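Colleague: Sharing a structure with you now.
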Amino acid sequence: MTTMQPSLTYTRFAPSPTGELHLGHAFSACFAARAGGGQFILRIDDIDHTRCKPAFTEKIFNDLAWLGLQWRKPVRYQSDRLESYREALETLAKKELVYPCFLTRKEVNALLSAPQYDGTAKASMQEAIPAVERRRRENSGIAPAWRLRTTAALEEVGELTWHDAACGIDVPIDMANFGDVVIARKDISTSYHLSVVVDDAMDGITLVTRGEDLKASSHLHRLLQGLLGLGTPDYLHHRLLTDSTGRRLAKRDKSASIAKLRRDGHTADAVLSMMPEIILP
Ligand code: GLU
């Protein structure tokens, strides 16, 4: 007789090693563990070589283990997957759904704050500079950022939804606030958005748990999954922890760093009890 195995939920915790973990990160890790049936996939988001440091990765392992959390082995590193991100970008380029953008940050900001800008970047952002200057930059050998042709991308996928597990509803994708979003930065040749959808597919993630500040990104992630032919996990966004003034915790809030709380003599249980209760749908 065969017994039905309950299907496993694969969640992940994906910290960037750009500083020490704080209570908010620890809450996110506990949330991923609880939703994943006691474990999660640990993925080190280290694509941004300008800001990530191996010493912080070591501290992350240390703090998570001290809190008694368990993760599936092996640990995944985004820096091992640059080739997969490049292939994903190439797939989009072959479909003519991305274009190189040579605008400087200052030019982009000026464009976005111009009164005539309608918030959707319907026209290619490249139109903002004269054609001669555009060609000069294209021929100069400097690396461009790559932007998604969002309108064309939406036409390509048709109607898509992502599942919001907190509300139990399928949400239609809505790209109104994105414009032609950068999906490969010029300095790292990929972006958080492109990498995360490739990673979640490679890691077989069935439920993405993360802070509600990233909820809006789920629209773009679903769109990229559709364009790249990747499966889609469900999404469960959790509340963000705040300090005593109501401001969300950030890496600069040293008082909430797990390392500091440890140094101050708090036990792991005491730190865990500083977090809100985890309530799953
Ligand atoms: N490294 C990202 C962060 O810390 C992960 C976001 C995600 O879970 O998708 O915000």
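Residues are named by chain letter and number: chains run A, B, ... in the order of the structure tokens, numbers start at 1 in each chain, and ligands are numbered from 1 in the order shown.
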Could you tell me, counting only C-alpha atoms and all ligand atoms, which protein and nucleic acid residues lie no more than 6 Å from ligand 1, written as a list in words?
Modeller: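 After applying the 6 Å limit, what remains is Ala14, Pro15, Ser16, Asp45 and Arg210 of chain A.
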Colleague: Would you put the residues from that selection into a file with all heavy atoms, as a compact mmCIF listing (two decimals), in the first residue's frame?
Modeller:
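Output contents, as saved in out_8.txt:
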```txt
# COMPACT_ATOMS: atom_id res chain seq x y z
N ALA A 14 16.73 34.91 2.21
CA ALA A 14 17.75 35.35 1.25
C ALA A 14 18.40 36.67 1.68
O ALA A 14 18.15 37.71 1.08
CB ALA A 14 17.11 35.48 -0.13
N PRO A 15 19.23 36.62 2.71
CA PRO A 15 19.83 37.88 3.17
C PRO A 15 20.98 38.36 2.27
O PRO A 15 21.65 37.55 1.64
CB PRO A 15 20.39 37.49 4.55
CG PRO A 15 20.69 36.03 4.43
CD PRO A 15 19.68 35.46 3.49
N SER A 16 21.16 39.66 2.23
CA SER A 16 22.31 40.23 1.53
C SER A 16 23.40 40.49 2.56
O SER A 16 23.13 41.16 3.57
CB SER A 16 21.95 41.57 0.87
OG SER A 16 20.81 41.41 0.08
N ASP A 45 22.37 36.51 -0.97
CA ASP A 45 22.18 37.45 -2.09
C ASP A 45 23.41 38.34 -2.22
O ASP A 45 23.42 39.48 -1.75
CB ASP A 45 20.93 38.32 -1.83
CG ASP A 45 19.66 37.62 -2.26
OD1 ASP A 45 19.71 36.42 -2.58
OD2 ASP A 45 18.60 38.29 -2.29
N ARG A 210 8.56 36.85 2.59
CA ARG A 210 9.44 38.01 2.68
C ARG A 210 8.63 39.20 3.18
O ARG A 210 7.40 39.13 3.27
CB ARG A 210 10.09 38.32 1.33
CG ARG A 210 9.10 38.61 0.24
CD ARG A 210 9.79 38.79 -1.11
NE ARG A 210 8.81 38.98 -2.17
CZ ARG A 210 9.08 38.86 -3.45
NH1 ARG A 210 10.28 38.54 -3.85
NH2 ARG A 210 8.14 39.05 -4.35
```
Colleague: List as number ranges by chain the protein and nucleic acid residues near range 126-136 of chain A, meaning an atom at most 12 Å away when only C-alpha atoms are counted, but skip any in the same chain fewer than 2 places from it.
Modeller: A: 98-104, 107-112, 114, 116-117, 121-124, 138-142, 144-147, 149, 180
Colleague: Mind running range 192-266 of chain A against range 67-86 of chain A at 7 Å and telling me each contacting residue's nearest atom pair with the distance in Å (one decimal), counting only C-alpha atoms, chain and number ascending, as a Markdown table?
Modeller:
```
| residue | atom | partner | partner_atom | distance |
| --- | --- | --- | --- | --- |
| A:Leu194 | CA | A:Tyr85 | CA | 6.9 |
| A:Ser195 | CA | A:Tyr85 | CA | 6.0 |
| A:Val198 | CA | A:Tyr85 | CA | 6.9 |
```
Colleague: Write out, as an mmCIF file, in the first residue's frame, the residues just selected, with N, CA and C atoms.
Modeller:
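That gives us again.cif:
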```cif
data_model
loop_
_atom_site.group_PDB
_atom_site.id
_atom_site.type_symbol
_atom_site.label_atom_id
_atom_site.label_comp_id
_atom_site.auth_asym_id
_atom_site.auth_seq_id
_atom_site.Cartn_x
_atom_site.Cartn_y
_atom_site.Cartn_z
ATOM 1 N N LEU A 194 15.693 40.133 -11.598
ATOM 2 C CA LEU A 194 15.995 39.048 -12.526
ATOM 3 C C LEU A 194 16.568 37.850 -11.765
ATOM 4 N N SER A 195 17.494 38.129 -10.865
ATOM 5 C CA SER A 195 18.161 37.040 -10.138
ATOM 6 C C SER A 195 17.171 36.263 -9.282
ATOM 7 N N VAL A 198 15.033 33.737 -11.204
ATOM 8 C CA VAL A 198 15.852 32.603 -11.653
ATOM 9 C C VAL A 198 16.158 31.704 -10.443
#
```
Colleague: Contacts of Leu236 in chain A at 8 Å or less, counting only C-alpha atoms, minus same-chain residues fewer than 2 places along, as a ChimeraX atom specification?
Modeller: /A:164-166,207-210,234,238
Colleague: Just list the residues in range 52-275 of chain A DSSP gives strand (DSSP E) on the backbone, as a PyMOL selection string.
Modeller: chain A and resi 71-77+98-101+145-148+161-164+169-172+182-184+207-211+234-238
Colleague: Within 12 Å of His237 in chain A, counting only C-alpha atoms, which residues qualify if same-chain residues fewer than 4 places away don't, as a PyMOL selection string?
Modeller: chain A and resi 28+31-32+35+163-168+207-218+278-281
Colleague: So that I can see what lies close to range 60-66 of chain A, please list as a list in words the residues with an atom at most 9 Å from it, counting only C-alpha atoms and leaving out residues fewer than 6 positions away in the same chain.
Modeller: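 Near range 60-66 of chain A, the qualifying residues are Pro15, Pro17, Glu20, Leu21, Ala26, Ala29, Ile258, Ala259, Arg262 and Ala268 of chain A.
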Colleague: Got a sec: who's within 10 Å of range 242-251 of chain A, counting only C-alpha atoms, leaving out chain neighbours fewer than 5 positions off, as a PDB file with N, CA and C atoms, in the first residue's frame?
Modeller:
```pdb
ATOM      1  N   THR A  18      25.482  42.579   3.488  1.00  0.00           N
ATOM      2  CA  THR A  18      25.984  43.959   3.427  1.00  0.00           C
ATOM      3  C   THR A  18      26.028  44.577   4.823  1.00  0.00           C
ATOM      4  N   GLY A  19      25.743  43.785   5.834  1.00  0.00           N
ATOM      5  CA  GLY A  19      25.770  44.299   7.200  1.00  0.00           C
ATOM      6  C   GLY A  19      25.315  43.181   8.127  1.00  0.00           C
ATOM      7  N   GLU A  20      25.185  43.516   9.396  1.00  0.00           N
ATOM      8  CA  GLU A  20      24.783  42.493  10.366  1.00  0.00           C
ATOM      9  C   GLU A  20      23.269  42.273  10.334  1.00  0.00           C
ATOM     10  N   LEU A  21      22.851  41.057  10.641  1.00  0.00           N
ATOM     11  CA  LEU A  21      21.410  40.772  10.724  1.00  0.00           C
ATOM     12  C   LEU A  21      20.813  41.544  11.887  1.00  0.00           C
ATOM     13  N   HIS A  22      19.625  42.088  11.700  1.00  0.00           N
ATOM     14  CA  HIS A  22      18.926  42.701  12.826  1.00  0.00           C
ATOM     15  C   HIS A  22      17.656  41.909  13.127  1.00  0.00           C
ATOM     16  N   LEU A  23      16.954  42.348  14.118  1.00  0.00           N
ATOM     17  CA  LEU A  23      15.749  41.618  14.553  1.00  0.00           C
ATOM     18  C   LEU A  23      14.762  41.373  13.420  1.00  0.00           C
ATOM     19  N   GLY A  24      14.658  42.360  12.519  1.00  0.00           N
ATOM     20  CA  GLY A  24      13.718  42.228  11.397  1.00  0.00           C
ATOM     21  C   GLY A  24      14.116  41.078  10.484  1.00  0.00           C
ATOM     22  N   HIS A  25      15.424  40.979  10.209  1.00  0.00           N
ATOM     23  CA  HIS A  25      15.888  39.856   9.381  1.00  0.00           C
ATOM     24  C   HIS A  25      15.632  38.532  10.103  1.00  0.00           C
ATOM     25  N   ALA A 256      19.437  47.031  17.310  1.00  0.00           N
ATOM     26  CA  ALA A 256      18.621  45.842  17.033  1.00  0.00           C
ATOM     27  C   ALA A 256      19.441  44.739  16.382  1.00  0.00           C
ATOM     28  N   SER A 257      20.763  44.936  16.243  1.00  0.00           N
ATOM     29  CA  SER A 257      21.567  43.894  15.591  1.00  0.00           C
ATOM     30  C   SER A 257      21.638  42.665  16.499  1.00  0.00           C
TER      31      SER A 257
END
```
Colleague: With only C-alpha atoms as the atoms that count, which of A:Arg12, A:Lys53, A:His266, A:Lys59 lies nearest to Ile41 in chain A?
Modeller: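 Among the listed residues, A:Arg12 lies closest to Ile41 in chain A.
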Colleague: Name the closest residue to Ile44 in chain A among the candidates A:Ala176, A:Ala143, A:Met275, A:Val196; distances are taken between atoms, counting only C-alpha atoms.
Modeller: A:Val196
Colleague: If we count only C-alpha atoms, what is near Ile173 in chain A at a cut-off of 8 Å, once residues fewer than 4 positions away on the same chain are taken out, given as a list in words?
Modeller: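 The filter keeps Glu159, Leu160, Thr161, Trp162, His219, Leu220, Arg222 and Leu223 of chain A.
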Colleague: Which one of A:Gly36, A:Arg51, A:Asp199, A:Leu228 sits closest to Ser7 in chain A if you count only C-alpha atoms?
Modeller: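 Of all the options, A:Gly36 lies closest to Ser7 in chain A.
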Colleague: Assign secondary structure with DSSP using the backbone only, and return the residues of range 1-232 of chain A in alpha helix (DSSP H) as an mmCIF file with N, CA and C atoms, in the first residue's frame.
Modeller:
```cif
data_model
loop_
_atom_site.group_PDB
_atom_site.id
_atom_site.type_symbol
_atom_site.label_atom_id
_atom_site.label_comp_id
_atom_site.auth_asym_id
_atom_site.auth_seq_id
_atom_site.Cartn_x
_atom_site.Cartn_y
_atom_site.Cartn_z
ATOM 1 N N LEU A 23 16.954 42.348 14.118
ATOM 2 C CA LEU A 23 15.749 41.618 14.553
ATOM 3 C C LEU A 23 14.762 41.373 13.420
ATOM 4 N N GLY A 24 14.658 42.360 12.519
ATOM 5 C CA GLY A 24 13.718 42.228 11.397
ATOM 6 C C GLY A 24 14.116 41.078 10.484
ATOM 7 N N HIS A 25 15.424 40.979 10.209
ATOM 8 C CA HIS A 25 15.888 39.856 9.381
ATOM 9 C C HIS A 25 15.632 38.532 10.103
ATOM 10 N N ALA A 26 15.928 38.527 11.395
ATOM 11 C CA ALA A 26 15.762 37.295 12.161
ATOM 12 C C ALA A 26 14.281 36.869 12.147
ATOM 13 N N PHE A 27 13.403 37.854 12.235
ATOM 14 C CA PHE A 27 11.966 37.552 12.165
ATOM 15 C C PHE A 27 11.638 36.919 10.807
ATOM 16 N N SER A 28 12.200 37.498 9.754
ATOM 17 C CA SER A 28 11.962 36.986 8.407
ATOM 18 C C SER A 28 12.469 35.538 8.281
ATOM 19 N N ALA A 29 13.625 35.273 8.880
ATOM 20 C CA ALA A 29 14.179 33.911 8.833
ATOM 21 C C ALA A 29 13.283 32.942 9.614
ATOM 22 N N CYS A 30 12.827 33.381 10.791
ATOM 23 C CA CYS A 30 11.928 32.518 11.596
ATOM 24 C C CYS A 30 10.627 32.259 10.844
ATOM 25 N N PHE A 31 10.159 33.288 10.155
ATOM 26 C CA PHE A 31 8.917 33.182 9.386
ATOM 27 C C PHE A 31 9.095 32.133 8.270
ATOM 28 N N ALA A 32 10.233 32.226 7.573
ATOM 29 C CA ALA A 32 10.510 31.262 6.481
ATOM 30 C C ALA A 32 10.604 29.843 7.049
ATOM 31 N N ALA A 33 11.223 29.723 8.226
ATOM 32 C CA ALA A 33 11.364 28.396 8.836
ATOM 33 C C ALA A 33 9.994 27.835 9.203
ATOM 34 N N ARG A 34 9.177 28.657 9.843
ATOM 35 C CA ARG A 34 7.862 28.190 10.280
ATOM 36 C C ARG A 34 7.007 27.797 9.072
ATOM 37 N N ALA A 35 6.993 28.665 8.053
ATOM 38 C CA ALA A 35 6.165 28.388 6.869
ATOM 39 C C ALA A 35 6.705 27.186 6.089
ATOM 40 N N PRO A 54 32.261 38.868 2.571
ATOM 41 C CA PRO A 54 32.234 37.493 3.102
ATOM 42 C C PRO A 54 32.147 37.464 4.632
ATOM 43 N N ALA A 55 32.742 38.455 5.289
ATOM 44 C CA ALA A 55 32.708 38.453 6.761
ATOM 45 C C ALA A 55 31.263 38.540 7.262
ATOM 46 N N PHE A 56 30.420 39.258 6.543
ATOM 47 C CA PHE A 56 29.013 39.352 6.957
ATOM 48 C C PHE A 56 28.291 38.028 6.719
ATOM 49 N N THR A 57 28.695 37.306 5.666
ATOM 50 C CA THR A 57 28.079 35.997 5.402
ATOM 51 C C THR A 57 28.343 35.068 6.598
ATOM 52 N N GLU A 58 29.583 35.064 7.061
ATOM 53 C CA GLU A 58 29.944 34.232 8.219
ATOM 54 C C GLU A 58 29.089 34.607 9.432
ATOM 55 N N LYS A 59 28.904 35.899 9.623
ATOM 56 C CA LYS A 59 28.115 36.358 10.777
ATOM 57 C C LYS A 59 26.654 35.930 10.648
ATOM 58 N N ILE A 60 26.170 35.919 9.418
ATOM 59 C CA ILE A 60 24.773 35.497 9.192
ATOM 60 C C ILE A 60 24.612 34.027 9.623
ATOM 61 N N PHE A 61 25.541 33.173 9.171
ATOM 62 C CA PHE A 61 25.470 31.753 9.551
ATOM 63 C C PHE A 61 25.461 31.625 11.080
ATOM 64 N N ASN A 62 26.368 32.379 11.664
ATOM 65 C CA ASN A 62 26.551 32.326 13.103
ATOM 66 C C ASN A 62 25.304 32.744 13.881
ATOM 67 N N ASP A 63 24.729 33.872 13.470
ATOM 68 C CA ASP A 63 23.548 34.397 14.170
ATOM 69 C C ASP A 63 22.344 33.474 13.988
ATOM 70 N N LEU A 64 22.171 32.947 12.752
ATOM 71 C CA LEU A 64 21.010 32.066 12.504
ATOM 72 C C LEU A 64 21.139 30.783 13.321
ATOM 73 N N ALA A 65 22.356 30.244 13.372
ATOM 74 C CA ALA A 65 22.574 29.001 14.141
ATOM 75 C C ALA A 65 22.354 29.280 15.631
ATOM 76 N N TRP A 66 22.827 30.419 16.086
ATOM 77 C CA TRP A 66 22.655 30.785 17.510
ATOM 78 C C TRP A 66 21.171 30.879 17.872
ATOM 79 N N LEU A 82 25.902 33.636 -11.855
ATOM 80 C CA LEU A 82 25.906 34.773 -12.784
ATOM 81 C C LEU A 82 25.614 34.326 -14.214
ATOM 82 N N GLU A 83 26.082 33.110 -14.554
ATOM 83 C CA GLU A 83 25.862 32.595 -15.900
ATOM 84 C C GLU A 83 24.356 32.364 -16.150
ATOM 85 N N SER A 84 23.661 31.863 -15.153
ATOM 86 C CA SER A 84 22.211 31.631 -15.311
ATOM 87 C C SER A 84 21.471 32.963 -15.486
ATOM 88 N N TYR A 85 21.908 33.975 -14.769
ATOM 89 C CA TYR A 85 21.260 35.287 -14.916
ATOM 90 C C TYR A 85 21.531 35.853 -16.322
ATOM 91 N N ARG A 86 22.781 35.618 -16.787
ATOM 92 C CA ARG A 86 23.141 36.127 -18.120
ATOM 93 C C ARG A 86 22.277 35.427 -19.183
ATOM 94 N N GLU A 87 22.075 34.117 -19.010
ATOM 95 C CA GLU A 87 21.246 33.373 -19.969
ATOM 96 C C GLU A 87 19.805 33.891 -19.955
ATOM 97 N N ALA A 88 19.303 34.196 -18.769
ATOM 98 C CA ALA A 88 17.922 34.712 -18.673
ATOM 99 C C ALA A 88 17.813 36.049 -19.403
ATOM 100 N N LEU A 89 18.827 36.893 -19.227
ATOM 101 C CA LEU A 89 18.810 38.194 -19.906
ATOM 102 C C LEU A 89 18.867 37.992 -21.422
ATOM 103 N N GLU A 90 19.658 37.007 -21.831
ATOM 104 C CA GLU A 90 19.782 36.734 -23.261
ATOM 105 C C GLU A 90 18.458 36.245 -23.840
ATOM 106 N N THR A 91 17.743 35.433 -23.077
ATOM 107 C CA THR A 91 16.426 34.956 -23.532
ATOM 108 C C THR A 91 15.510 36.153 -23.794
ATOM 109 N N LEU A 92 15.555 37.112 -22.880
ATOM 110 C CA LEU A 92 14.704 38.296 -23.048
ATOM 111 C C LEU A 92 15.191 39.147 -24.226
ATOM 112 N N ALA A 93 16.516 39.199 -24.397
ATOM 113 C CA ALA A 93 17.075 39.996 -25.502
ATOM 114 C C ALA A 93 16.682 39.376 -26.839
ATOM 115 N N LYS A 94 16.699 38.040 -26.903
ATOM 116 C CA LYS A 94 16.327 37.363 -28.152
ATOM 117 C C LYS A 94 14.884 37.655 -28.521
ATOM 118 N N ARG A 105 22.384 58.108 -13.889
ATOM 119 C CA ARG A 105 21.380 58.162 -12.811
ATOM 120 C C ARG A 105 20.737 59.561 -12.743
ATOM 121 N N LYS A 106 21.588 60.574 -12.945
ATOM 122 C CA LYS A 106 21.100 61.960 -12.874
ATOM 123 C C LYS A 106 20.069 62.220 -13.984
ATOM 124 N N GLU A 107 20.353 61.711 -15.179
ATOM 125 C CA GLU A 107 19.423 61.914 -16.293
ATOM 126 C C GLU A 107 18.106 61.178 -16.040
ATOM 127 N N VAL A 108 18.202 59.996 -15.492
ATOM 128 C CA VAL A 108 16.978 59.225 -15.198
ATOM 129 C C VAL A 108 16.140 59.990 -14.175
ATOM 130 N N ASN A 109 16.803 60.479 -13.129
ATOM 131 C CA ASN A 109 16.057 61.212 -12.088
ATOM 132 C C ASN A 109 15.401 62.463 -12.656
ATOM 133 N N ALA A 110 16.124 63.160 -13.530
ATOM 134 C CA ALA A 110 15.568 64.385 -14.129
ATOM 135 C C ALA A 110 14.333 64.028 -14.950
ATOM 136 N N LEU A 111 14.431 62.906 -15.655
ATOM 137 C CA LEU A 111 13.325 62.463 -16.504
ATOM 138 C C LEU A 111 12.103 62.093 -15.653
ATOM 139 N N LEU A 112 12.371 61.363 -14.581
ATOM 140 C CA LEU A 112 11.257 60.904 -13.746
ATOM 141 C C LEU A 112 10.559 62.058 -13.040
ATOM 142 N N SER A 113 11.312 63.131 -12.771
ATOM 143 C CA SER A 113 10.672 64.238 -12.049
ATOM 144 C C SER A 113 10.141 65.316 -12.995
ATOM 145 N N ALA A 131 19.410 61.563 -30.510
ATOM 146 C CA ALA A 131 19.897 60.351 -31.184
ATOM 147 C C ALA A 131 21.420 60.346 -31.345
ATOM 148 N N VAL A 132 22.003 61.506 -31.643
ATOM 149 C CA VAL A 132 23.456 61.555 -31.875
ATOM 150 C C VAL A 132 24.200 61.165 -30.590
ATOM 151 N N GLU A 133 23.739 61.743 -29.489
ATOM 152 C CA GLU A 133 24.375 61.455 -28.201
ATOM 153 C C GLU A 133 24.153 59.989 -27.824
ATOM 154 N N ARG A 134 22.986 59.491 -28.155
ATOM 155 C CA ARG A 134 22.686 58.092 -27.838
ATOM 156 C C ARG A 134 23.666 57.168 -28.571
ATOM 157 N N ARG A 135 23.869 57.457 -29.844
ATOM 158 C CA ARG A 135 24.785 56.626 -30.634
ATOM 159 C C ARG A 135 26.212 56.747 -30.116
ATOM 160 N N ARG A 136 26.580 57.977 -29.707
ATOM 161 C CA ARG A 136 27.938 58.166 -29.188
ATOM 162 C C ARG A 136 28.156 57.252 -27.978
ATOM 163 N N ARG A 137 27.144 57.208 -27.103
ATOM 164 C CA ARG A 137 27.282 56.376 -25.900
ATOM 165 C C ARG A 137 27.276 54.893 -26.268
ATOM 166 N N GLU A 138 26.436 54.531 -27.228
ATOM 167 C CA GLU A 138 26.367 53.119 -27.632
ATOM 168 C C GLU A 138 27.710 52.641 -28.165
ATOM 169 N N THR A 150 8.340 47.072 -20.994
ATOM 170 C CA THR A 150 7.246 46.569 -20.161
ATOM 171 C C THR A 150 5.939 46.387 -20.945
ATOM 172 N N THR A 151 5.612 47.336 -21.796
ATOM 173 C CA THR A 151 4.344 47.216 -22.536
ATOM 174 C C THR A 151 4.379 45.983 -23.447
ATOM 175 N N ALA A 152 5.503 45.816 -24.153
ATOM 176 C CA ALA A 152 5.629 44.658 -25.045
ATOM 177 C C ALA A 152 5.637 43.363 -24.223
ATOM 178 N N ALA A 153 6.265 43.409 -23.066
ATOM 179 C CA ALA A 153 6.340 42.212 -22.221
ATOM 180 C C ALA A 153 4.940 41.795 -21.768
ATOM 181 N N LEU A 154 4.132 42.782 -21.413
ATOM 182 C CA LEU A 154 2.766 42.472 -20.967
ATOM 183 C C LEU A 154 1.947 41.880 -22.116
ATOM 184 N N GLU A 155 2.180 42.415 -23.309
ATOM 185 C CA GLU A 155 1.458 41.867 -24.466
ATOM 186 C C GLU A 155 1.869 40.416 -24.695
ATOM 187 N N GLU A 156 3.125 40.146 -24.488
ATOM 188 C CA GLU A 156 3.648 38.781 -24.722
ATOM 189 C C GLU A 156 3.019 37.762 -23.767
ATOM 190 N N VAL A 157 2.877 38.129 -22.503
ATOM 191 C CA VAL A 157 2.388 37.114 -21.542
ATOM 192 C C VAL A 157 0.860 37.051 -21.438
ATOM 193 N N TYR A 192 18.355 42.532 -8.727
ATOM 194 C CA TYR A 192 17.627 41.750 -7.730
ATOM 195 C C TYR A 192 16.462 41.010 -8.400
ATOM 196 N N HIS A 193 15.680 41.739 -9.222
ATOM 197 C CA HIS A 193 14.457 41.163 -9.789
ATOM 198 C C HIS A 193 14.751 39.965 -10.701
ATOM 199 N N LEU A 194 15.693 40.133 -11.598
ATOM 200 C CA LEU A 194 15.995 39.048 -12.526
ATOM 201 C C LEU A 194 16.568 37.850 -11.765
ATOM 202 N N SER A 195 17.494 38.129 -10.865
ATOM 203 C CA SER A 195 18.161 37.040 -10.138
ATOM 204 C C SER A 195 17.171 36.263 -9.282
ATOM 205 N N VAL A 196 16.281 36.977 -8.625
ATOM 206 C CA VAL A 196 15.412 36.301 -7.661
ATOM 207 C C VAL A 196 14.453 35.331 -8.355
ATOM 208 N N VAL A 197 13.977 35.677 -9.544
ATOM 209 C CA VAL A 197 13.054 34.738 -10.203
ATOM 210 C C VAL A 197 13.806 33.509 -10.721
ATOM 211 N N VAL A 198 15.033 33.737 -11.204
ATOM 212 C CA VAL A 198 15.852 32.603 -11.653
ATOM 213 C C VAL A 198 16.158 31.704 -10.443
ATOM 214 N N ASP A 199 16.561 32.335 -9.342
ATOM 215 C CA ASP A 199 16.896 31.571 -8.127
ATOM 216 C C ASP A 199 15.706 30.781 -7.603
ATOM 217 N N ASP A 200 14.564 31.432 -7.491
ATOM 218 C CA ASP A 200 13.410 30.744 -6.905
ATOM 219 C C ASP A 200 13.039 29.523 -7.738
ATOM 220 N N ALA A 201 13.210 29.644 -9.079
ATOM 221 C CA ALA A 201 12.933 28.489 -9.943
ATOM 222 C C ALA A 201 14.005 27.417 -9.738
ATOM 223 N N MET A 202 15.277 27.820 -9.715
ATOM 224 C CA MET A 202 16.375 26.836 -9.563
ATOM 225 C C MET A 202 16.285 26.117 -8.222
ATOM 226 N N SER A 217 6.863 44.151 -5.756
ATOM 227 C CA SER A 217 7.800 43.509 -6.696
ATOM 228 C C SER A 217 7.235 42.196 -7.240
ATOM 229 N N SER A 218 6.273 41.617 -6.541
ATOM 230 C CA SER A 218 5.735 40.324 -6.987
ATOM 231 C C SER A 218 5.089 40.437 -8.366
ATOM 232 N N HIS A 219 4.571 41.614 -8.699
ATOM 233 C CA HIS A 219 3.985 41.799 -10.038
ATOM 234 C C HIS A 219 5.065 41.616 -11.116
ATOM 235 N N LEU A 220 6.175 42.283 -10.886
ATOM 236 C CA LEU A 220 7.281 42.183 -11.846
ATOM 237 C C LEU A 220 7.854 40.760 -11.866
ATOM 238 N N HIS A 221 7.954 40.146 -10.701
ATOM 239 C CA HIS A 221 8.524 38.805 -10.656
ATOM 240 C C HIS A 221 7.645 37.821 -11.430
ATOM 241 N N ARG A 222 6.333 37.979 -11.274
ATOM 242 C CA ARG A 222 5.419 37.094 -12.006
ATOM 243 C C ARG A 222 5.546 37.317 -13.509
ATOM 244 N N LEU A 223 5.699 38.583 -13.887
ATOM 245 C CA LEU A 223 5.858 38.900 -15.311
ATOM 246 C C LEU A 223 7.134 38.237 -15.853
ATOM 247 N N LEU A 224 8.227 38.379 -15.124
ATOM 248 C CA LEU A 224 9.496 37.779 -15.580
ATOM 249 C C LEU A 224 9.385 36.251 -15.648
ATOM 250 N N GLN A 225 8.691 35.660 -14.683
ATOM 251 C CA GLN A 225 8.496 34.197 -14.721
ATOM 252 C C GLN A 225 7.752 33.811 -15.992
ATOM 253 N N GLY A 226 6.728 34.585 -16.326
ATOM 254 C CA GLY A 226 5.941 34.307 -17.539
ATOM 255 C C GLY A 226 6.811 34.413 -18.788
ATOM 256 N N LEU A 227 7.640 35.448 -18.848
ATOM 257 C CA LEU A 227 8.480 35.659 -20.035
ATOM 258 C C LEU A 227 9.554 34.587 -20.166
ATOM 259 N N LEU A 228 10.035 34.107 -19.035
ATOM 260 C CA LEU A 228 11.140 33.140 -19.054
ATOM 261 C C LEU A 228 10.646 31.691 -18.994
#
```
Colleague: Enter the distance from CA of Val171 in chain A to CA of Ile205 in chain A, in Å, rounded to one decimal.
Modeller: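 Spanning CA of Val171 in chain A to CA of Ile205 in chain A is a straight-line distance of 19.0 Å.
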